Amino acid sequence: MASENKHAMTMPMQRFLQSRPAEFGEQVLRGFGQVMLQNNPASGLLFLIGIFVSSWQSGLYAVFATAIATATARLLGAPSGSISSGLYGLNGTLTGLGLATFLNHDVTLLIYVAIAAMSVTVVMAAIQDAVGANGYPLTGPFVLTTWIFIGAVYAYANVHSASALGSPHLPKGTLTVHVPIVASNIVTAILNGVAQVMLQQNAWTGAIFLVGIAIGSRVCAAAALLGSTIAVVLAWSLGAAPELIRAGVYGFNAVLTGMALGGVFFVLHPRTVVFSVIAVCFSTILYGSMTAILSPISLPALTAPFVVTTWLCLLSRASLPRLRELSPSEPATPEENLRAARRATSTRE
Amino acid sequence: MASENKHAMTMPMQRFLQSRPAEFGEQVLRGFGQVMLQNNPASGLLFLIGIFVSSWQSGLYAVFATAIATATARLLGAPSGSISSGLYGLNGTLTGLGLATFLNHDVTLLIYVAIAAMSVTVVMAAIQDAVGANGYPLTGPFVLTTWIFIGAVYAYANVHSASALGSPHLPKGTLTVHVPIVASNIVTAILNGVAQVMLQQNAWTGAIFLVGIAIGSRVCAAAALLGSTIAVVLAWSLGAAPELIRAGVYGFNAVLTGMALGGVFFVLHPRTVVFSVIAVCFSTILYGSMTAILSPISLPALTAPFVVTTWLCLLSRASLPRLRELSPSEPATPEENLRAARRATSTRE
Amino acid sequence: MASENKHAMTMPMQRFLQSRPAEFGEQVLRGFGQVMLQNNPASGLLFLIGIFVSSWQSGLYAVFATAIATATARLLGAPSGSISSGLYGLNGTLTGLGLATFLNHDVTLLIYVAIAAMSVTVVMAAIQDAVGANGYPLTGPFVLTTWIFIGAVYAYANVHSASALGSPHLPKGTLTVHVPIVASNIVTAILNGVAQVMLQQNAWTGAIFLVGIAIGSRVCAAAALLGSTIAVVLAWSLGAAPELIRAGVYGFNAVLTGMALGGVFFVLHPRTVVFSVIAVCFSTILYGSMTAILSPISLPALTAPFVVTTWLCLLSRASLPRLRELSPSEPATPEENLRAARRATSTRE
């Protein structure tokens with residue numbers, strides 16, 4: 001007992017160094033997969049390829065940040081189940097992509113991303129505790145950490161913002177522009193919506209991501225496509241700026257909300273489909289709202305609309321029994337959730 | 001069992017359609033009543049009349065939104081007790097009034113209010129879970145939902161803001177204006193404070209509201225009047241803009257805070273009266289502060305100061321036994337709370 | 001029983017008046033001590049002297065606010081343990097200092113500080129409940145209350161801001177200035193970092209504070225000094241404005257974070273030292289970020305970066321066992337925590 005205790009201090013680092021690199025690599029790939037709610041290294045690999053197709057620098061920053069976040073989680077002793085399924089990696093992935101998108105690529109950024117990836121791991125552990133046993137941090141740790149690290153560009157002269165960040169301004173209205181609906185623009189907008197989940201603007205990347213999602217779950221791929229389509233139609237009919245719709249920024253929160261509510265956190269059923277469609281609309285309106293609200297401090301909304309919408313829907317289950325009875329005991333692919341629900345029904349009968 | 005299960009899916013809609021319209025109407029009226037903390041359809045009817053006296057369009061939007069919010073709550077299976085006592089309707093009422101006040105009245109608004117009223121019901125269920133068994137969502141769901149839907153005007157060209165919204169600007173100080181105190185202005189300011197709880201600026205409406213409150217509880221009516229008076233005096237002595245004081249905007253959070261703490265959530269007692277007066281002052285200062293803080297994004301403070309103040313006071317009971325011992329087991333009219341407290345004391349003796 | 005009950009109403013005030021003034025004085029001094037995490041009246045006295053050395057007006061406002069906050073806590077029946085150890089006083093102290101720093105010294109301020117000090121006590125009790133049995137409000141109540149009372153300057157013409165507040169502006173970048181590193185500037189910056197915990201900018205005050213901390217715990221004094229040093233080096237290498245670094249504003253959150261994590265809330269150990277250094281860096285980056293984010297509403301970040309960082313680190317313990325096993329059952333001085341941990345280990349062996 002005593003000797004065990006004495007060695008406890010040096011063990012973590014040793015265990016870490018002795019673990020097979022293959023295992024670590026799989027955890028990193030699952031981290032990529034979990035960004036799109038797929039606990040699946042093959043999906044993760046396709047997502048990684050999709051990012052490299054769009055921007056190899058972003059790809060490198062994403063790998064770097066996912067590896068640091070996963071390693072930090074292992075060193076601090078996070079539950080091995082959560083690490084193995086990529087839950088600690090996913091927020092690292094997005095933090096790396098977020099900082100690489102909105103900040104300039106220089107030497108400072110490398111150190112900056114490293115500190116951010118370590119920090120996001122602790123933020124993840126904290127939010128895991130705050131949301132409780134029945135809650136899910138989702139991409140909340142990424143949003144919080146990335147806002148903090150981007151916001152600092154105005155205080156620190158050696159941290160340089162990229163052109164994607166834009167400059168602080170008071171919210172101002174969009175002009176009503178009547179743009180003819182062209183099929184090619186719509187397809188680009190929908191695919192870019194999928195690509196923007198990983199902060200990329202490239203229709204091919206979006207298509208590769210859809211294939212990666214379909215490897216994990218065809219229902220998820222359909223939900224992602226439908227979510228992006230609803231967002232494009234709603235944003236277009238409410239009069240959002242056409243160039244932003246085409247770039248996919250109105251779609252990525254809808255993609256995630258569609259997958260999360262349409263099958264992963266709820267069992268598919270006519271009632272949950274209607275519920276998910278309303279939630280997708282809500283997340284799209286919230287995206288517009290948050291973008292305006294954050295404009296004086298020039299912060300991007302990131303996936304905060306998805307996180308807020310999904311947290312509200314998950315919390316509401318406690319008071320709304322007709323939603324609660326369609327909640328799986330554990331989030332899984334829509335297909336698995338449906339099978340488990342059918343098994344439960346047949347057992348009861 | 002099996003057949004029950006099979007029918008479970010179609011039952012909600014059937015039950016909903018078979019329910020007597022009178023029952024639904026009463027739930028809608030109680031929703032209006034609960035805005036002023038009165039679980040009482042007669043009070044609700046008077047509040048509705050008061051709104052129509054001030055603006056018939058606002059009245060129609062309020063009825064529309066309350067009906068949609070109540071129907072959504074029934075379809076999603078919210079606890080029938082909460083629906084019957086109007087708790088799910090009240091946030092719908094205010095969301096309808098809020099959007100009708102700050103956005104332009106056109107066809108888009110009708111669809112927009114419908115989505116918002118459905119959303120506020122889910123937000124209500126979520127906040128109900130977040131505040132826990134001993135907490136109360138109050139008008140928090142209205143504030144959050146209305147901010148989100150108003151904030152979107154800057155992203156969506158087809159959603160038009162009304163002149164009441166104002167335009168985004170950096171906070172700037174008020175000039176010290178020495179206005180002579182005229183009795184008529186003071187009376188108007190105090191009554192407008194009551195009317196502004198429902199976002200109306202009309203002294204007659206305020207007077208009708210007071211009658212409606214008195215139907216439910218005379219102590220509440222006195223607390224509302226006193227709260228509005230304290231807010232007017234404090235705002236005037238701290239140097240707030242006289243035209244805003246007269247419009248009642250410094251008063252409505254104080255009206256709600258005065259009623260909530262002065263009898264509904266606490267048993268009346270010299271100690272809770274002092275506590276409520278301090279809370280009313282705090283909510284008035286917080287109103288000024290939030291208005292300034294929200295000005296760069298041009299969002300109105302709505303009833304957020306009331307919600308924050310009352311949540312803080314309710315939370316503080318756990319650590320402050322002299323407040324806890326004056327908390328009723330269930331919020332009720334001040335008169336009922338007093339009677340229950342006297343019964344409890346005499347039983348013990 | 002009945003007679004006890006009857007007297008319960010008048011008892012608090014009587015008990016309050018009968019308590020020895022010495023006891024009350026000690027509680028006030030411990031409130032000063034707790035600002036720097038020292039439950040120690042001698043430390044508190046030195047902190048008070050340090051404030052008077054820098055600004056006698058600030059000193060008077062601090063004593064006034066601490067006394068009112070402590071008295072309010074006693075009247076409302078807060079747990080006597082928390083009052084005696086100064087936990088209710090500390091947020092009063094800081095609120096007094098905060099308002100005296102950012103608002104003009106006139107008669108209105110005196111009433112304003114009194115209302116704020118009463119309010120911060122209720123906010124303290126509320127946050128105590130919200131953070132739960134294993135959580136700590138830290139200086140969160142001060143930050144929230146002071147933001148609310150400062151934000152109101154833009155609504156109320158009779159509440160005047162001091163020059164320290166600055167005026168609302170959109171975030172703008174800092175220019176890269178190459179300043180030669182001079183030893184005297186570095187020492188001033190580090191000592192000012194300690195002084196700024198109490199919102200003072202005076203190297204002598206910082207030195208006196210360090211002596212006061214060392215009376216309670218030498219390890220804390222070392223952690224404070226190290227935290228301030230790390231913050232100065234990091235802010236300087238990231239390119240923060242040299243005059244702000246010299247004034248100590250980049251250091252005070254690092255001082256508090258260093259003491260809190262480096263010994264008080266965690267047992268000293270190579271692993272927690274590394275963890276604390278990362279947390280100190282995070283709090284420094286967060287300070288720059290929050291300052292920029294709050295600039296459109298011209299609110300100072302105060303100790304919010306320390307509160308957020310420490311809350312995240314404390315919450316993360318639930319998911320990170322290698323941190324949890326280095327958590328003392330009760331926060332204490334680093335020396336006491338180390339002794340208790342060693343005792344526990346030897347007992348097990």
# chains A, B, ... in the order shown; residues from 1 in each chain; ligands from 1
$ closest_atom_pairs --of "chain A" --to "chain C" --cutoff "9 Å" --atoms "only C-alpha atoms" --output "CSV"
residue,atom,partner,partner_atom,distance
A:Met1,CA,C:Glu349,CA,7.4
A:Ala2,CA,C:Glu349,CA,5.7
A:Asn5,CA,C:Thr345,CA,8.6
A:Met9,CA,C:Arg271,CA,8.4
A:Ala73,CA,C:Leu320,CA,8.2
A:Leu75,CA,C:Arg322,CA,8.3
A:Leu76,CA,C:Arg322,CA,5.6
A:Gly77,CA,C:Leu320,CA,5.4
A:Ala78,CA,C:Leu320,CA,4.9
A:Pro79,CA,C:Ser319,CA,7.1
A:Thr108,CA,C:Leu238,CA,8.2
A:Ile115,CA,C:Ile278,CA,7.7
A:Ala116,CA,C:Phe282,CA,8.3
A:Met118,CA,C:Ile278,CA,8.3
A:Ser119,CA,C:Phe282,CA,7.3
A:Val122,CA,C:Ser316,CA,6.0
A:Val123,CA,C:Leu312,CA,6.1
A:Met124,CA,C:Ser316,CA,7.7
A:Ala125,CA,C:Ser316,CA,4.6
A:Ala126,CA,C:Ser316,CA,3.8
A:Ile127,CA,C:Ser316,CA,7.5
A:Gln128,CA,C:Ser319,CA,7.3
A:Asp129,CA,C:Leu315,CA,6.2
A:Ala130,CA,C:Leu315,CA,7.1
A:Trp147,CA,C:Ser289,CA,8.3
A:Ile148,CA,C:Ser289,CA,5.7
A:Phe149,CA,C:Ser289,CA,6.9
A:Ile150,CA,C:Ser289,CA,7.4
A:Gly151,CA,C:Ser289,CA,4.4
A:Ala152,CA,C:Ser289,CA,3.8
A:Val153,CA,C:Gly173,CA,7.0
A:Tyr154,CA,C:Gly173,CA,4.3
A:Ala155,CA,C:Gly288,CA,5.0
A:Tyr156,CA,C:Ala240,CA,4.7
A:Ala157,CA,C:Gly239,CA,4.6
A:Asn158,CA,C:Gly239,CA,5.0
A:Val159,CA,C:Leu238,CA,6.7
A:Ser167,CA,C:Lys172,CA,8.6
A:Pro168,CA,C:Leu170,CA,6.2
A:His169,CA,C:Leu170,CA,7.0
A:Leu170,CA,C:Leu170,CA,8.4
A:Pro296,CA,C:Leu170,CA,6.3
A:Ile297,CA,C:Ile293,CA,5.6
A:Ser298,CA,C:Pro171,CA,8.4
A:Leu299,CA,C:Ile293,CA,8.9
$ residues_around --residues "stretch 27-30 of chain C" --least-positions-apart "4" --cutoff "7 Å" --atoms "only C-alpha atoms" --output "MDAnalysis selection string"
chainID C and resid 23 34 39:41 44:45 66:67 70 83:86 89
$ write_last_selection --atoms "N, CA and C atoms" --output "PDB file, in the first residue's frame"
ATOM      1  N   GLU C  23     -15.205  42.128  19.441  1.00  0.00           N
ATOM      2  CA  GLU C  23     -15.529  40.982  18.588  1.00  0.00           C
ATOM      3  C   GLU C  23     -15.865  41.469  17.181  1.00  0.00           C
ATOM      4  N   GLN C  34      -9.207  38.255   4.641  1.00  0.00           N
ATOM      5  CA  GLN C  34      -9.706  37.258   3.697  1.00  0.00           C
ATOM      6  C   GLN C  34      -9.622  37.711   2.241  1.00  0.00           C
ATOM      7  N   ASN C  39      -7.180  34.206   6.905  1.00  0.00           N
ATOM      8  CA  ASN C  39      -8.152  34.241   7.997  1.00  0.00           C
ATOM      9  C   ASN C  39      -7.411  34.622   9.263  1.00  0.00           C
ATOM     10  N   ASN C  40      -7.112  35.943   9.414  1.00  0.00           N
ATOM     11  CA  ASN C  40      -6.100  36.349  10.369  1.00  0.00           C
ATOM     12  C   ASN C  40      -6.234  37.861  10.603  1.00  0.00           C
ATOM     13  N   PRO C  41      -6.595  38.311  11.835  1.00  0.00           N
ATOM     14  CA  PRO C  41      -6.790  39.758  12.032  1.00  0.00           C
ATOM     15  C   PRO C  41      -5.492  40.557  11.918  1.00  0.00           C
ATOM     16  N   GLY C  44      -4.999  41.253   8.383  1.00  0.00           N
ATOM     17  CA  GLY C  44      -5.998  42.247   7.995  1.00  0.00           C
ATOM     18  C   GLY C  44      -5.586  43.651   8.388  1.00  0.00           C
ATOM     19  N   LEU C  45      -5.005  43.781   9.586  1.00  0.00           N
ATOM     20  CA  LEU C  45      -4.578  45.101  10.058  1.00  0.00           C
ATOM     21  C   LEU C  45      -3.485  45.649   9.146  1.00  0.00           C
ATOM     22  N   THR C  66     -16.921  47.422   4.888  1.00  0.00           N
ATOM     23  CA  THR C  66     -16.733  46.143   5.583  1.00  0.00           C
ATOM     24  C   THR C  66     -17.622  46.082   6.818  1.00  0.00           C
ATOM     25  N   ALA C  67     -17.711  47.199   7.554  1.00  0.00           N
ATOM     26  CA  ALA C  67     -18.535  47.224   8.767  1.00  0.00           C
ATOM     27  C   ALA C  67     -20.013  47.021   8.409  1.00  0.00           C
ATOM     28  N   THR C  70     -20.602  43.378   7.267  1.00  0.00           N
ATOM     29  CA  THR C  70     -20.545  42.445   8.399  1.00  0.00           C
ATOM     30  C   THR C  70     -21.788  42.596   9.281  1.00  0.00           C
ATOM     31  N   ILE C  83     -19.189  34.527   9.371  1.00  0.00           N
ATOM     32  CA  ILE C  83     -18.997  35.933   9.730  1.00  0.00           C
ATOM     33  C   ILE C  83     -17.685  36.104  10.481  1.00  0.00           C
ATOM     34  N   SER C  84     -17.450  35.235  11.481  1.00  0.00           N
ATOM     35  CA  SER C  84     -16.243  35.364  12.308  1.00  0.00           C
ATOM     36  C   SER C  84     -14.978  35.215  11.486  1.00  0.00           C
ATOM     37  N   SER C  85     -14.997  34.351  10.482  1.00  0.00           N
ATOM     38  CA  SER C  85     -13.773  34.176   9.700  1.00  0.00           C
ATOM     39  C   SER C  85     -13.651  35.225   8.593  1.00  0.00           C
ATOM     40  N   GLY C  86     -14.561  36.207   8.600  1.00  0.00           N
ATOM     41  CA  GLY C  86     -14.398  37.347   7.700  1.00  0.00           C
ATOM     42  C   GLY C  86     -14.923  37.141   6.296  1.00  0.00           C
ATOM     43  N   GLY C  89     -17.263  39.789   5.334  1.00  0.00           N
ATOM     44  CA  GLY C  89     -16.668  41.114   5.284  1.00  0.00           C
ATOM     45  C   GLY C  89     -15.891  41.372   4.008  1.00  0.00           C
TER      46      GLY C  89
END
$ select_by_dssp --residues "stretch 73-298 of chain C" --states "alpha helix (DSSP H)" --output "PyMOL selection string"
chain C and resi 73-75+80-84+87-102+107-131+140-151+183-195+203-216+218-238+242-247+252-259+270-294
$ residues_around --residues "C:Val233" --least-positions-apart "3" --cutoff "12 Å" --atoms "only C-alpha atoms" --output "VMD selection string"
chain C and resid 181 185 to 187 189 to 190 226 to 230 236 to 240 242 245 to 246 248 250 to 251 254 280 to 281 284
$ atom_distance --atom1 "atom CA of B:Ala247" --atom2 "atom CA of B:Phe209"
16.0 Å
$ atom_distance --atom1 "atom CA of C:Val107" --atom2 "atom CA of C:Trp56"
16.7 Å
$ residues_around --residues "stretch 256-268 of chain C" --least-positions-apart "2" --cutoff "8 Å" --atoms "only C-alpha atoms" --output "ChimeraX atom specification"
/C:36-37,197,219-221,223-224,226-227,252-254,270,272-273,276-277,279-280,283,306,309-310,323,326-328,330-335,337-338,341
